[in-house]
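Trainee: As input, take data.txt (compact mmCIF, N, CA and C atoms):
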# COMPACT_ATOMS: atom_id res chain seq x y z
N MET A 1083 -9.38 -9.96 12.06
CA MET A 1083 -9.09 -9.25 10.82
C MET A 1083 -7.62 -8.80 10.82
N HIS A 1084 -7.12 -8.32 11.94
CA HIS A 1084 -5.72 -7.86 11.99
C HIS A 1084 -4.75 -9.03 11.95
N ILE A 1085 -5.09 -10.10 12.63
CA ILE A 1085 -4.22 -11.27 12.65
C ILE A 1085 -4.17 -11.92 11.27
N ASN A 1086 -5.30 -11.99 10.62
CA ASN A 1086 -5.40 -12.65 9.31
C ASN A 1086 -5.48 -11.65 8.17
N TYR A 1087 -4.72 -10.57 8.28
CA TYR A 1087 -4.80 -9.51 7.27
C TYR A 1087 -4.47 -10.01 5.86
N GLU A 1088 -3.68 -11.08 5.76
CA GLU A 1088 -3.30 -11.56 4.43
C GLU A 1088 -4.42 -12.36 3.75
N THR A 1089 -5.52 -12.57 4.47
CA THR A 1089 -6.63 -13.31 3.87
C THR A 1089 -7.89 -12.46 3.72
N VAL A 1090 -7.87 -11.20 4.17
CA VAL A 1090 -9.06 -10.36 4.01
C VAL A 1090 -9.24 -10.00 2.54
N ALA A 1091 -10.42 -9.55 2.21
CA ALA A 1091 -10.72 -9.18 0.82
C ALA A 1091 -9.81 -8.03 0.38
N LYS A 1092 -9.37 -8.09 -0.86
CA LYS A 1092 -8.54 -7.03 -1.41
C LYS A 1092 -9.43 -5.84 -1.77
N TYR A 1093 -9.06 -4.65 -1.32
CA TYR A 1093 -9.81 -3.46 -1.68
C TYR A 1093 -9.67 -3.25 -3.19
N PRO A 1094 -10.77 -3.02 -3.88
CA PRO A 1094 -10.71 -2.90 -5.34
C PRO A 1094 -10.15 -1.55 -5.79
N VAL A 1095 -8.83 -1.46 -5.85
CA VAL A 1095 -8.19 -0.21 -6.27
C VAL A 1095 -8.36 -0.02 -7.77
N THR A 1096 -8.28 1.22 -8.19
CA THR A 1096 -8.30 1.56 -9.60
C THR A 1096 -6.86 1.64 -10.07
N LEU A 1097 -6.51 0.84 -11.07
CA LEU A 1097 -5.15 0.83 -11.58
C LEU A 1097 -5.08 1.58 -12.89
N ASP A 1098 -4.10 2.44 -13.02
CA ASP A 1098 -3.83 3.14 -14.26
C ASP A 1098 -2.70 2.39 -14.95
N CYS A 1099 -3.04 1.61 -15.95
CA CYS A 1099 -2.06 0.75 -16.62
C CYS A 1099 -1.65 1.29 -17.97
N GLY A 1100 -1.99 2.51 -18.25
CA GLY A 1100 -1.66 3.05 -19.55
C GLY A 1100 -2.53 2.39 -20.61
N LYS A 1101 -1.92 1.99 -21.71
CA LYS A 1101 -2.67 1.41 -22.83
C LYS A 1101 -2.86 -0.09 -22.71
N ARG A 1102 -2.23 -0.72 -21.71
CA ARG A 1102 -2.30 -2.17 -21.57
C ARG A 1102 -3.31 -2.57 -20.52
N ALA A 1103 -3.88 -3.74 -20.69
CA ALA A 1103 -4.78 -4.30 -19.68
C ALA A 1103 -3.95 -5.02 -18.63
N ILE A 1104 -4.37 -4.95 -17.39
CA ILE A 1104 -3.63 -5.59 -16.30
C ILE A 1104 -3.50 -7.09 -16.53
N SER A 1105 -4.46 -7.67 -17.24
CA SER A 1105 -4.41 -9.11 -17.51
C SER A 1105 -3.24 -9.49 -18.43
N GLU A 1106 -2.64 -8.52 -19.09
CA GLU A 1106 -1.50 -8.76 -19.98
C GLU A 1106 -0.18 -8.82 -19.24
N PHE A 1107 -0.16 -8.45 -17.97
CA PHE A 1107 1.09 -8.36 -17.22
C PHE A 1107 1.62 -9.72 -16.82
N GLY A 1108 2.94 -9.84 -16.85
CA GLY A 1108 3.61 -11.03 -16.34
C GLY A 1108 4.18 -10.73 -14.97
N ASP A 1109 4.75 -11.74 -14.32
CA ASP A 1109 5.28 -11.58 -12.96
C ASP A 1109 6.31 -10.46 -12.86
N LYS A 1110 7.19 -10.33 -13.83
CA LYS A 1110 8.25 -9.31 -13.76
C LYS A 1110 7.66 -7.90 -13.76
N GLU A 1111 6.50 -7.73 -14.36
CA GLU A 1111 5.89 -6.41 -14.43
C GLU A 1111 5.24 -6.00 -13.11
N TYR A 1112 5.10 -6.92 -12.19
CA TYR A 1112 4.57 -6.60 -10.86
C TYR A 1112 5.68 -6.21 -9.89
N ARG A 1113 6.90 -6.26 -10.35
CA ARG A 1113 8.05 -5.93 -9.50
C ARG A 1113 7.95 -4.47 -9.03
N VAL A 1114 8.09 -4.28 -7.72
CA VAL A 1114 8.03 -2.95 -7.13
C VAL A 1114 9.41 -2.58 -6.62
N VAL A 1115 9.97 -1.49 -7.12
CA VAL A 1115 11.25 -1.01 -6.63
C VAL A 1115 11.01 -0.10 -5.43
N LYS A 1116 10.03 0.78 -5.56
CA LYS A 1116 9.67 1.65 -4.45
C LYS A 1116 8.26 2.18 -4.67
N MET A 1117 7.41 2.01 -3.66
CA MET A 1117 6.10 2.64 -3.71
C MET A 1117 6.26 4.06 -3.21
N LYS A 1118 5.59 4.98 -3.83
CA LYS A 1118 5.63 6.35 -3.35
C LYS A 1118 4.37 7.06 -3.80
N ARG A 1119 4.13 8.19 -3.16
CA ARG A 1119 2.98 9.00 -3.54
C ARG A 1119 3.46 10.12 -4.45
N PRO A 1120 2.74 10.38 -5.51
CA PRO A 1120 3.14 11.48 -6.40
C PRO A 1120 2.87 12.82 -5.75
N LYS A 1121 3.50 13.83 -6.25
CA LYS A 1121 3.30 15.20 -5.75
C LYS A 1121 2.21 15.87 -6.58
N ILE A 1122 1.41 16.69 -5.89
CA ILE A 1122 0.40 17.50 -6.56
C ILE A 1122 0.55 18.93 -6.04
N LYS A 1123 0.01 19.89 -6.76
CA LYS A 1123 0.06 21.29 -6.34
C LYS A 1123 -1.23 21.63 -5.60
N VAL A 1124 -1.07 22.16 -4.38
CA VAL A 1124 -2.20 22.65 -3.59
C VAL A 1124 -1.82 24.04 -3.11
N ASP A 1125 -2.60 25.03 -3.53
CA ASP A 1125 -2.32 26.42 -3.17
C ASP A 1125 -0.88 26.81 -3.51
N GLY A 1126 -0.41 26.36 -4.65
CA GLY A 1126 0.93 26.70 -5.11
C GLY A 1126 2.06 25.91 -4.47
N LYS A 1127 1.72 25.01 -3.53
CA LYS A 1127 2.75 24.21 -2.86
C LYS A 1127 2.68 22.77 -3.34
N SER A 1128 3.83 22.12 -3.39
CA SER A 1128 3.90 20.72 -3.79
C SER A 1128 3.71 19.84 -2.55
N VAL A 1129 2.67 18.99 -2.58
CA VAL A 1129 2.38 18.09 -1.45
C VAL A 1129 2.11 16.69 -1.98
N ASN A 1130 2.20 15.70 -1.10
CA ASN A 1130 1.91 14.32 -1.50
C ASN A 1130 0.43 14.14 -1.78
N ASP A 1131 0.12 13.40 -2.82
CA ASP A 1131 -1.25 13.01 -3.14
C ASP A 1131 -1.53 11.72 -2.39
N ASN A 1132 -2.21 11.80 -1.26
CA ASN A 1132 -2.44 10.63 -0.43
C ASN A 1132 -3.48 9.67 -0.98
N SER A 1133 -4.15 10.02 -2.06
CA SER A 1133 -5.15 9.11 -2.62
C SER A 1133 -4.55 8.21 -3.69
N THR A 1134 -3.27 8.36 -3.93
CA THR A 1134 -2.63 7.64 -5.03
C THR A 1134 -1.24 7.17 -4.63
N SER A 1135 -0.87 5.97 -5.07
CA SER A 1135 0.50 5.50 -4.93
C SER A 1135 1.02 5.16 -6.30
N CYS A 1136 2.24 5.55 -6.57
CA CYS A 1136 2.91 5.11 -7.79
C CYS A 1136 3.64 3.83 -7.43
N LEU A 1137 3.29 2.76 -8.09
CA LEU A 1137 3.90 1.49 -7.77
C LEU A 1137 5.08 1.19 -8.67
N GLN A 1138 4.98 1.56 -9.91
CA GLN A 1138 6.08 1.45 -10.84
C GLN A 1138 5.66 1.84 -12.23
N ARG A 1139 6.53 1.63 -13.19
CA ARG A 1139 6.27 2.13 -14.54
C ARG A 1139 5.02 1.55 -15.19
N LEU A 1140 4.82 0.25 -15.11
CA LEU A 1140 3.80 -0.37 -15.93
C LEU A 1140 2.39 -0.29 -15.36
N TYR A 1141 2.24 -0.37 -14.09
CA TYR A 1141 0.94 -0.08 -13.50
C TYR A 1141 1.22 1.00 -12.47
N ASN A 1142 1.29 2.20 -12.97
CA ASN A 1142 1.93 3.25 -12.20
C ASN A 1142 1.08 3.94 -11.15
N ARG A 1143 -0.19 3.71 -11.09
CA ARG A 1143 -0.97 4.38 -10.07
C ARG A 1143 -2.10 3.51 -9.57
N THR A 1144 -2.29 3.56 -8.27
CA THR A 1144 -3.47 2.97 -7.68
C THR A 1144 -4.20 4.11 -6.98
N GLN A 1145 -5.50 4.06 -6.99
CA GLN A 1145 -6.26 5.09 -6.29
C GLN A 1145 -7.11 4.43 -5.23
N TYR A 1146 -7.17 5.08 -4.06
CA TYR A 1146 -7.91 4.54 -2.93
C TYR A 1146 -8.39 5.68 -2.05
N PRO A 1147 -9.33 5.41 -1.15
CA PRO A 1147 -9.89 6.48 -0.33
C PRO A 1147 -8.91 6.99 0.73
N LEU A 1148 -8.97 8.28 0.98
CA LEU A 1148 -8.10 8.90 1.97
C LEU A 1148 -8.35 8.35 3.38
N GLY A 1149 -9.54 7.83 3.62
CA GLY A 1149 -9.86 7.24 4.93
C GLY A 1149 -8.93 6.10 5.30
N ALA A 1150 -8.25 5.53 4.33
CA ALA A 1150 -7.31 4.44 4.61
C ALA A 1150 -6.14 4.92 5.48
N TYR A 1151 -5.90 6.22 5.51
CA TYR A 1151 -4.81 6.77 6.31
C TYR A 1151 -5.20 7.00 7.77
N ASN A 1152 -6.47 6.82 8.10
CA ASN A 1152 -6.92 7.10 9.47
C ASN A 1152 -6.56 6.01 10.46
N TYR A 1153 -6.29 4.81 10.00
CA TYR A 1153 -5.90 3.73 10.91
C TYR A 1153 -4.39 3.83 11.14
N VAL A 1154 -4.04 4.20 12.36
CA VAL A 1154 -2.64 4.48 12.71
C VAL A 1154 -2.12 3.41 13.65
N VAL A 1155 -0.93 2.89 13.34
CA VAL A 1155 -0.25 1.90 14.18
C VAL A 1155 1.10 2.49 14.57
N ASN A 1156 1.31 2.63 15.86
CA ASN A 1156 2.58 3.12 16.36
C ASN A 1156 2.96 4.48 15.76
N GLY A 1157 1.98 5.36 15.64
CA GLY A 1157 2.23 6.72 15.17
C GLY A 1157 2.26 6.91 13.67
N LYS A 1158 2.00 5.86 12.90
CA LYS A 1158 2.05 5.97 11.44
C LYS A 1158 0.87 5.20 10.85
N ALA A 1159 0.29 5.73 9.81
CA ALA A 1159 -0.81 5.03 9.14
C ALA A 1159 -0.33 3.67 8.64
N ALA A 1160 -1.14 2.64 8.83
CA ALA A 1160 -0.77 1.28 8.39
C ALA A 1160 -0.42 1.26 6.91
N ILE A 1161 -1.15 2.01 6.14
CA ILE A 1161 -0.88 2.04 4.69
C ILE A 1161 0.51 2.64 4.42
N GLU A 1162 0.95 3.58 5.26
CA GLU A 1162 2.29 4.16 5.12
C GLU A 1162 3.36 3.10 5.39
N TRP A 1163 3.12 2.24 6.38
CA TRP A 1163 4.08 1.16 6.66
C TRP A 1163 4.27 0.30 5.42
N VAL A 1164 3.17 -0.03 4.76
CA VAL A 1164 3.24 -0.89 3.57
C VAL A 1164 3.98 -0.16 2.45
N ILE A 1165 3.60 1.09 2.20
CA ILE A 1165 4.23 1.86 1.13
C ILE A 1165 5.74 1.95 1.36
N GLU A 1166 6.14 2.14 2.61
CA GLU A 1166 7.55 2.25 2.96
C GLU A 1166 8.31 0.93 2.81
N ARG A 1167 7.69 -0.16 3.26
CA ARG A 1167 8.39 -1.45 3.37
C ARG A 1167 8.41 -2.28 2.08
N GLN A 1168 7.46 -2.07 1.20
CA GLN A 1168 7.43 -2.84 -0.04
C GLN A 1168 8.34 -2.16 -1.06
N ALA A 1169 9.62 -2.44 -0.94
CA ALA A 1169 10.62 -1.76 -1.77
C ALA A 1169 11.88 -2.60 -1.86
N VAL A 1170 12.80 -2.13 -2.65
CA VAL A 1170 14.14 -2.70 -2.71
C VAL A 1170 15.06 -1.69 -2.04
N THR A 1171 15.73 -2.12 -0.97
CA THR A 1171 16.63 -1.23 -0.23
C THR A 1171 17.97 -1.91 -0.04
N THR A 1172 19.00 -1.10 0.15
CA THR A 1172 20.35 -1.62 0.40
C THR A 1172 20.84 -1.03 1.72
N ASP A 1173 21.26 -1.90 2.63
CA ASP A 1173 21.84 -1.45 3.89
C ASP A 1173 23.18 -0.78 3.61
N LYS A 1174 23.33 0.44 4.10
CA LYS A 1174 24.54 1.22 3.80
C LYS A 1174 25.80 0.59 4.36
N LYS A 1175 25.74 0.04 5.58
CA LYS A 1175 26.94 -0.54 6.19
C LYS A 1175 27.34 -1.86 5.56
N SER A 1176 26.39 -2.77 5.44
CA SER A 1176 26.72 -4.13 4.99
C SER A 1176 26.63 -4.31 3.48
N GLY A 1177 25.83 -3.46 2.83
CA GLY A 1177 25.62 -3.63 1.40
C GLY A 1177 24.59 -4.70 1.08
N ILE A 1178 23.95 -5.25 2.12
CA ILE A 1178 22.93 -6.29 1.92
C ILE A 1178 21.68 -5.68 1.30
N ILE A 1179 21.19 -6.33 0.26
CA ILE A 1179 20.00 -5.86 -0.44
C ILE A 1179 18.78 -6.56 0.14
N ASN A 1180 17.79 -5.78 0.53
CA ASN A 1180 16.52 -6.30 1.00
C ASN A 1180 15.50 -6.03 -0.09
N ASP A 1181 15.02 -7.09 -0.71
CA ASP A 1181 14.11 -6.96 -1.85
C ASP A 1181 12.78 -7.62 -1.51
N ALA A 1182 11.76 -6.80 -1.29
CA ALA A 1182 10.44 -7.31 -0.94
C ALA A 1182 9.88 -8.21 -2.04
N ASN A 1183 10.30 -8.00 -3.27
CA ASN A 1183 9.84 -8.82 -4.39
C ASN A 1183 10.34 -10.26 -4.26
N ASP A 1184 11.59 -10.43 -3.81
CA ASP A 1184 12.12 -11.78 -3.62
C ASP A 1184 11.28 -12.53 -2.60
N TRP A 1185 10.97 -11.85 -1.50
CA TRP A 1185 10.15 -12.47 -0.46
C TRP A 1185 8.77 -12.82 -1.01
N ALA A 1186 8.20 -11.93 -1.80
CA ALA A 1186 6.88 -12.16 -2.37
C ALA A 1186 6.86 -13.42 -3.23
N VAL A 1187 7.87 -13.58 -4.05
CA VAL A 1187 7.92 -14.72 -4.96
C VAL A 1187 8.36 -16.00 -4.25
N GLU A 1188 9.46 -15.91 -3.47
CA GLU A 1188 10.02 -17.11 -2.85
C GLU A 1188 9.19 -17.63 -1.68
N THR A 1189 8.64 -16.74 -0.87
CA THR A 1189 7.90 -17.17 0.31
C THR A 1189 6.41 -17.28 0.04
N MET A 1190 5.86 -16.26 -0.60
CA MET A 1190 4.42 -16.23 -0.85
C MET A 1190 4.04 -16.90 -2.17
N GLY A 1191 5.01 -17.08 -3.07
CA GLY A 1191 4.71 -17.67 -4.36
C GLY A 1191 3.79 -16.79 -5.20
N ASN A 1192 3.92 -15.47 -5.03
CA ASN A 1192 2.99 -14.56 -5.68
C ASN A 1192 3.68 -13.23 -5.97
N ALA A 1193 4.02 -12.99 -7.23
CA ALA A 1193 4.69 -11.74 -7.61
C ALA A 1193 3.80 -10.53 -7.38
N LYS A 1194 2.50 -10.72 -7.30
CA LYS A 1194 1.55 -9.62 -7.09
C LYS A 1194 1.42 -9.25 -5.60
N TYR A 1195 2.14 -9.96 -4.73
CA TYR A 1195 1.97 -9.77 -3.30
C TYR A 1195 2.10 -8.31 -2.83
N PRO A 1196 3.09 -7.52 -3.28
CA PRO A 1196 3.16 -6.13 -2.81
C PRO A 1196 1.88 -5.33 -3.11
N LEU A 1197 1.35 -5.47 -4.30
CA LEU A 1197 0.11 -4.78 -4.66
C LEU A 1197 -1.05 -5.33 -3.84
N GLU A 1198 -1.14 -6.65 -3.72
CA GLU A 1198 -2.25 -7.26 -2.98
C GLU A 1198 -2.17 -6.93 -1.49
N LEU A 1199 -0.96 -6.83 -0.94
CA LEU A 1199 -0.81 -6.44 0.46
C LEU A 1199 -1.35 -5.02 0.65
N LEU A 1200 -1.02 -4.12 -0.25
CA LEU A 1200 -1.54 -2.77 -0.18
C LEU A 1200 -3.07 -2.79 -0.20
N GLN A 1201 -3.64 -3.57 -1.09
CA GLN A 1201 -5.10 -3.66 -1.18
C GLN A 1201 -5.71 -4.21 0.12
N ARG A 1202 -5.09 -5.21 0.70
CA ARG A 1202 -5.61 -5.82 1.93
C ARG A 1202 -5.48 -4.86 3.12
N ILE A 1203 -4.38 -4.12 3.19
CA ILE A 1203 -4.20 -3.16 4.28
C ILE A 1203 -5.19 -2.02 4.16
N ILE A 1204 -5.53 -1.64 2.96
CA ILE A 1204 -6.58 -0.63 2.76
C ILE A 1204 -7.89 -1.15 3.34
N THR A 1205 -8.23 -2.41 3.03
CA THR A 1205 -9.46 -3.01 3.57
C THR A 1205 -9.43 -3.04 5.09
N VAL A 1206 -8.33 -3.53 5.67
CA VAL A 1206 -8.21 -3.60 7.13
C VAL A 1206 -8.34 -2.21 7.73
N SER A 1207 -7.68 -1.23 7.15
CA SER A 1207 -7.71 0.13 7.67
C SER A 1207 -9.12 0.71 7.65
N LEU A 1208 -9.81 0.56 6.53
CA LEU A 1208 -11.16 1.11 6.41
C LEU A 1208 -12.14 0.40 7.35
N GLU A 1209 -12.05 -0.92 7.42
CA GLU A 1209 -12.96 -1.68 8.29
C GLU A 1209 -12.68 -1.39 9.77
N THR A 1210 -11.41 -1.25 10.13
CA THR A 1210 -11.06 -0.93 11.51
C THR A 1210 -11.63 0.43 11.89
N MET A 1211 -11.51 1.40 11.01
CA MET A 1211 -12.01 2.73 11.32
C MET A 1211 -13.53 2.75 11.39
N LYS A 1212 -14.22 1.90 10.62
CA LYS A 1212 -15.68 1.80 10.74
C LYS A 1212 -16.05 1.35 12.15
N ILE A 1213 -15.32 0.36 12.66
CA ILE A 1213 -15.58 -0.16 14.01
C ILE A 1213 -15.27 0.92 15.05
N VAL A 1214 -14.11 1.54 14.94
CA VAL A 1214 -13.70 2.57 15.91
C VAL A 1214 -14.68 3.74 15.90
N ASP A 1215 -15.07 4.18 14.73
CA ASP A 1215 -15.98 5.32 14.62
C ASP A 1215 -17.36 5.02 15.20
N ASN A 1216 -17.74 3.75 15.27
CA ASN A 1216 -19.05 3.39 15.80
C ASN A 1216 -19.02 2.99 17.27
N LEU A 1217 -17.86 3.07 17.91
CA LEU A 1217 -17.78 2.79 19.33
C LEU A 1217 -18.48 3.92 20.11
N PRO A 1218 -19.14 3.56 21.21
CA PRO A 1218 -19.78 4.63 21.99
C PRO A 1218 -18.72 5.49 22.67
N THR A 1219 -19.06 6.74 22.90
CA THR A 1219 -18.12 7.61 23.60
C THR A 1219 -18.09 7.24 25.07
N LEU A 1220 -16.95 7.39 25.68
CA LEU A 1220 -16.80 7.09 27.10
C LEU A 1220 -17.22 8.30 27.91
N ASP A 1221 -17.92 8.03 28.97
CA ASP A 1221 -18.34 9.09 29.87
C ASP A 1221 -17.45 9.03 31.11
N ILE A 1222 -16.30 9.70 31.01
CA ILE A 1222 -15.33 9.67 32.09
C ILE A 1222 -15.19 11.08 32.67
N ASP A 1223 -15.32 11.17 33.97
CA ASP A 1223 -15.14 12.47 34.63
C ASP A 1223 -13.80 12.58 35.26
For the file at hand, write its structure as structure tokens.
Mentor:
Amino acid sequence: MHINYETVAKYPVTLDCGKRAISEFGDKEYRVVKMKRPKIKVDGKSVNDNSTSCLQRLYNRTQYPLGAYNYVVNGKAAIEWVIERQAVTTDKKSGIINDANDWAVETMGNAKYPLELLQRIITVSLETMKIVDNLPTLDID
């Protein structure tokens, strides 16, 4: 499942597309500049809403279970790695632009790849935690 993460089933996220149906979107509308989590108020403080990612203007929110954050790789939730990396960034020293959308279209042939990667990582994260949570406890003295 981890090796073939790009072929696992896409987690069925809920998309908030405003007044338009997702089927009306063209490739350019799937372009992601930066994924981020919106802020919500909890006890008067502004915190990240971990159940939602803002992907961009036209399909601006996806909703998914908080359990997706429990699968941690190298100290960070796998879903956080995706949210961080699926973006357009510019290296400060060289000025080189790294655009995940270009890679999605040119290499994967799929403008929806950033969204679909998020969906697949949610599936991998949830399924991995099901396995981990069902492992027997070790009896070590």
Trainee: Just checking: using all atoms listed in the file, which residue out of A:Ile1213, A:Tyr1151, A:Lys1194, A:Asp1223 ends up closest to Glu1111 in chain A?
Mentor: A:Lys1194
Trainee: For each of A:Val1154, A:Leu1208, A:Leu1220, A:Leu1197, take the minimum atom-to-atom distance to Lys1116 in chain A, counting only C-alpha atoms, then give the residue where this is smallest.
Mentor: A:Leu1197
Trainee: In Å to one decimal, how far is CA of Tyr1153 in chain A from CA of Tyr1087 in chain A?
Mentor: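 Distance reported for this atom pair: 13.8 Å.
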Trainee: Please report the interatomic distance between atom C of Asp1221 in chain A and atom N of Asn1152 in chain A in Å with one decimal.
Mentor: 25.6 Å
Trainee: What parts of range 1147-1189 of chain A does DSSP call helix (DSSP H, G or I)? I'd like the answer as a CSV table (one decimal) with N, CA and C atoms, keeping the file's coordinate frame.
Mentor:
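Written out: selection_2.csv:
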chain,number,residue,atom,x,y,z
A,1148,LEU,N,-9.0,8.3,1.0
A,1148,LEU,CA,-8.1,8.9,2.0
A,1148,LEU,C,-8.4,8.4,3.4
A,1149,GLY,N,-9.5,7.8,3.6
A,1149,GLY,CA,-9.9,7.2,4.9
A,1149,GLY,C,-8.9,6.1,5.3
A,1150,ALA,N,-8.2,5.5,4.3
A,1150,ALA,CA,-7.3,4.4,4.6
A,1150,ALA,C,-6.1,4.9,5.5
A,1151,TYR,N,-5.9,6.2,5.5
A,1151,TYR,CA,-4.8,6.8,6.3
A,1151,TYR,C,-5.2,7.0,7.8
A,1152,ASN,N,-6.5,6.8,8.1
A,1152,ASN,CA,-6.9,7.1,9.5
A,1152,ASN,C,-6.6,6.0,10.5
A,1160,ALA,N,-1.1,2.6,8.8
A,1160,ALA,CA,-0.8,1.3,8.4
A,1160,ALA,C,-0.4,1.3,6.9
A,1161,ILE,N,-1.2,2.0,6.1
A,1161,ILE,CA,-0.9,2.0,4.7
A,1161,ILE,C,0.5,2.6,4.4
A,1162,GLU,N,1.0,3.6,5.3
A,1162,GLU,CA,2.3,4.2,5.1
A,1162,GLU,C,3.4,3.1,5.4
A,1163,TRP,N,3.1,2.2,6.4
A,1163,TRP,CA,4.1,1.2,6.7
A,1163,TRP,C,4.3,0.3,5.4
A,1164,VAL,N,3.2,0.0,4.8
A,1164,VAL,CA,3.2,-0.9,3.6
A,1164,VAL,C,4.0,-0.2,2.4
A,1165,ILE,N,3.6,1.1,2.2
A,1165,ILE,CA,4.2,1.9,1.1
A,1165,ILE,C,5.7,2.0,1.4
A,1166,GLU,N,6.1,2.1,2.6
A,1166,GLU,CA,7.6,2.2,3.0
A,1166,GLU,C,8.3,0.9,2.8
A,1167,ARG,N,7.7,-0.2,3.3
A,1167,ARG,CA,8.4,-1.4,3.4
A,1167,ARG,C,8.4,-2.3,2.1
A,1182,ALA,N,11.8,-6.8,-1.3
A,1182,ALA,CA,10.4,-7.3,-0.9
A,1182,ALA,C,9.9,-8.2,-2.0
A,1183,ASN,N,10.3,-8.0,-3.3
A,1183,ASN,CA,9.8,-8.8,-4.4
A,1183,ASN,C,10.3,-10.3,-4.3
A,1184,ASP,N,11.6,-10.4,-3.8
A,1184,ASP,CA,12.1,-11.8,-3.6
A,1184,ASP,C,11.3,-12.5,-2.6
A,1185,TRP,N,11.0,-11.8,-1.5
A,1185,TRP,CA,10.2,-12.5,-0.5
A,1185,TRP,C,8.8,-12.8,-1.0
A,1186,ALA,N,8.2,-11.9,-1.8
A,1186,ALA,CA,6.9,-12.2,-2.4
A,1186,ALA,C,6.9,-13.4,-3.2
A,1187,VAL,N,7.9,-13.6,-4.0
A,1187,VAL,CA,7.9,-14.7,-5.0
A,1187,VAL,C,8.4,-16.0,-4.2
A,1188,GLU,N,9.5,-15.9,-3.5
A,1188,GLU,CA,10.0,-17.1,-2.8
A,1188,GLU,C,9.2,-17.6,-1.7
Trainee: Please report the interatomic distance between CA of Arg1202 in chain A and atom C of Val1114 in chain A in Å with one decimal.
Mentor: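 Answer for the CA of Arg1202 in chain A to atom C of Val1114 in chain A separation: 17.6 Å.
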Trainee: Using only C-alpha atoms, pick whichever of A:Val1155, A:Met1117, A:Ile1161, A:Met1083 has the shortest atom-to-atom distance to Gln1201 in chain A.
Mentor: A:Ile1161
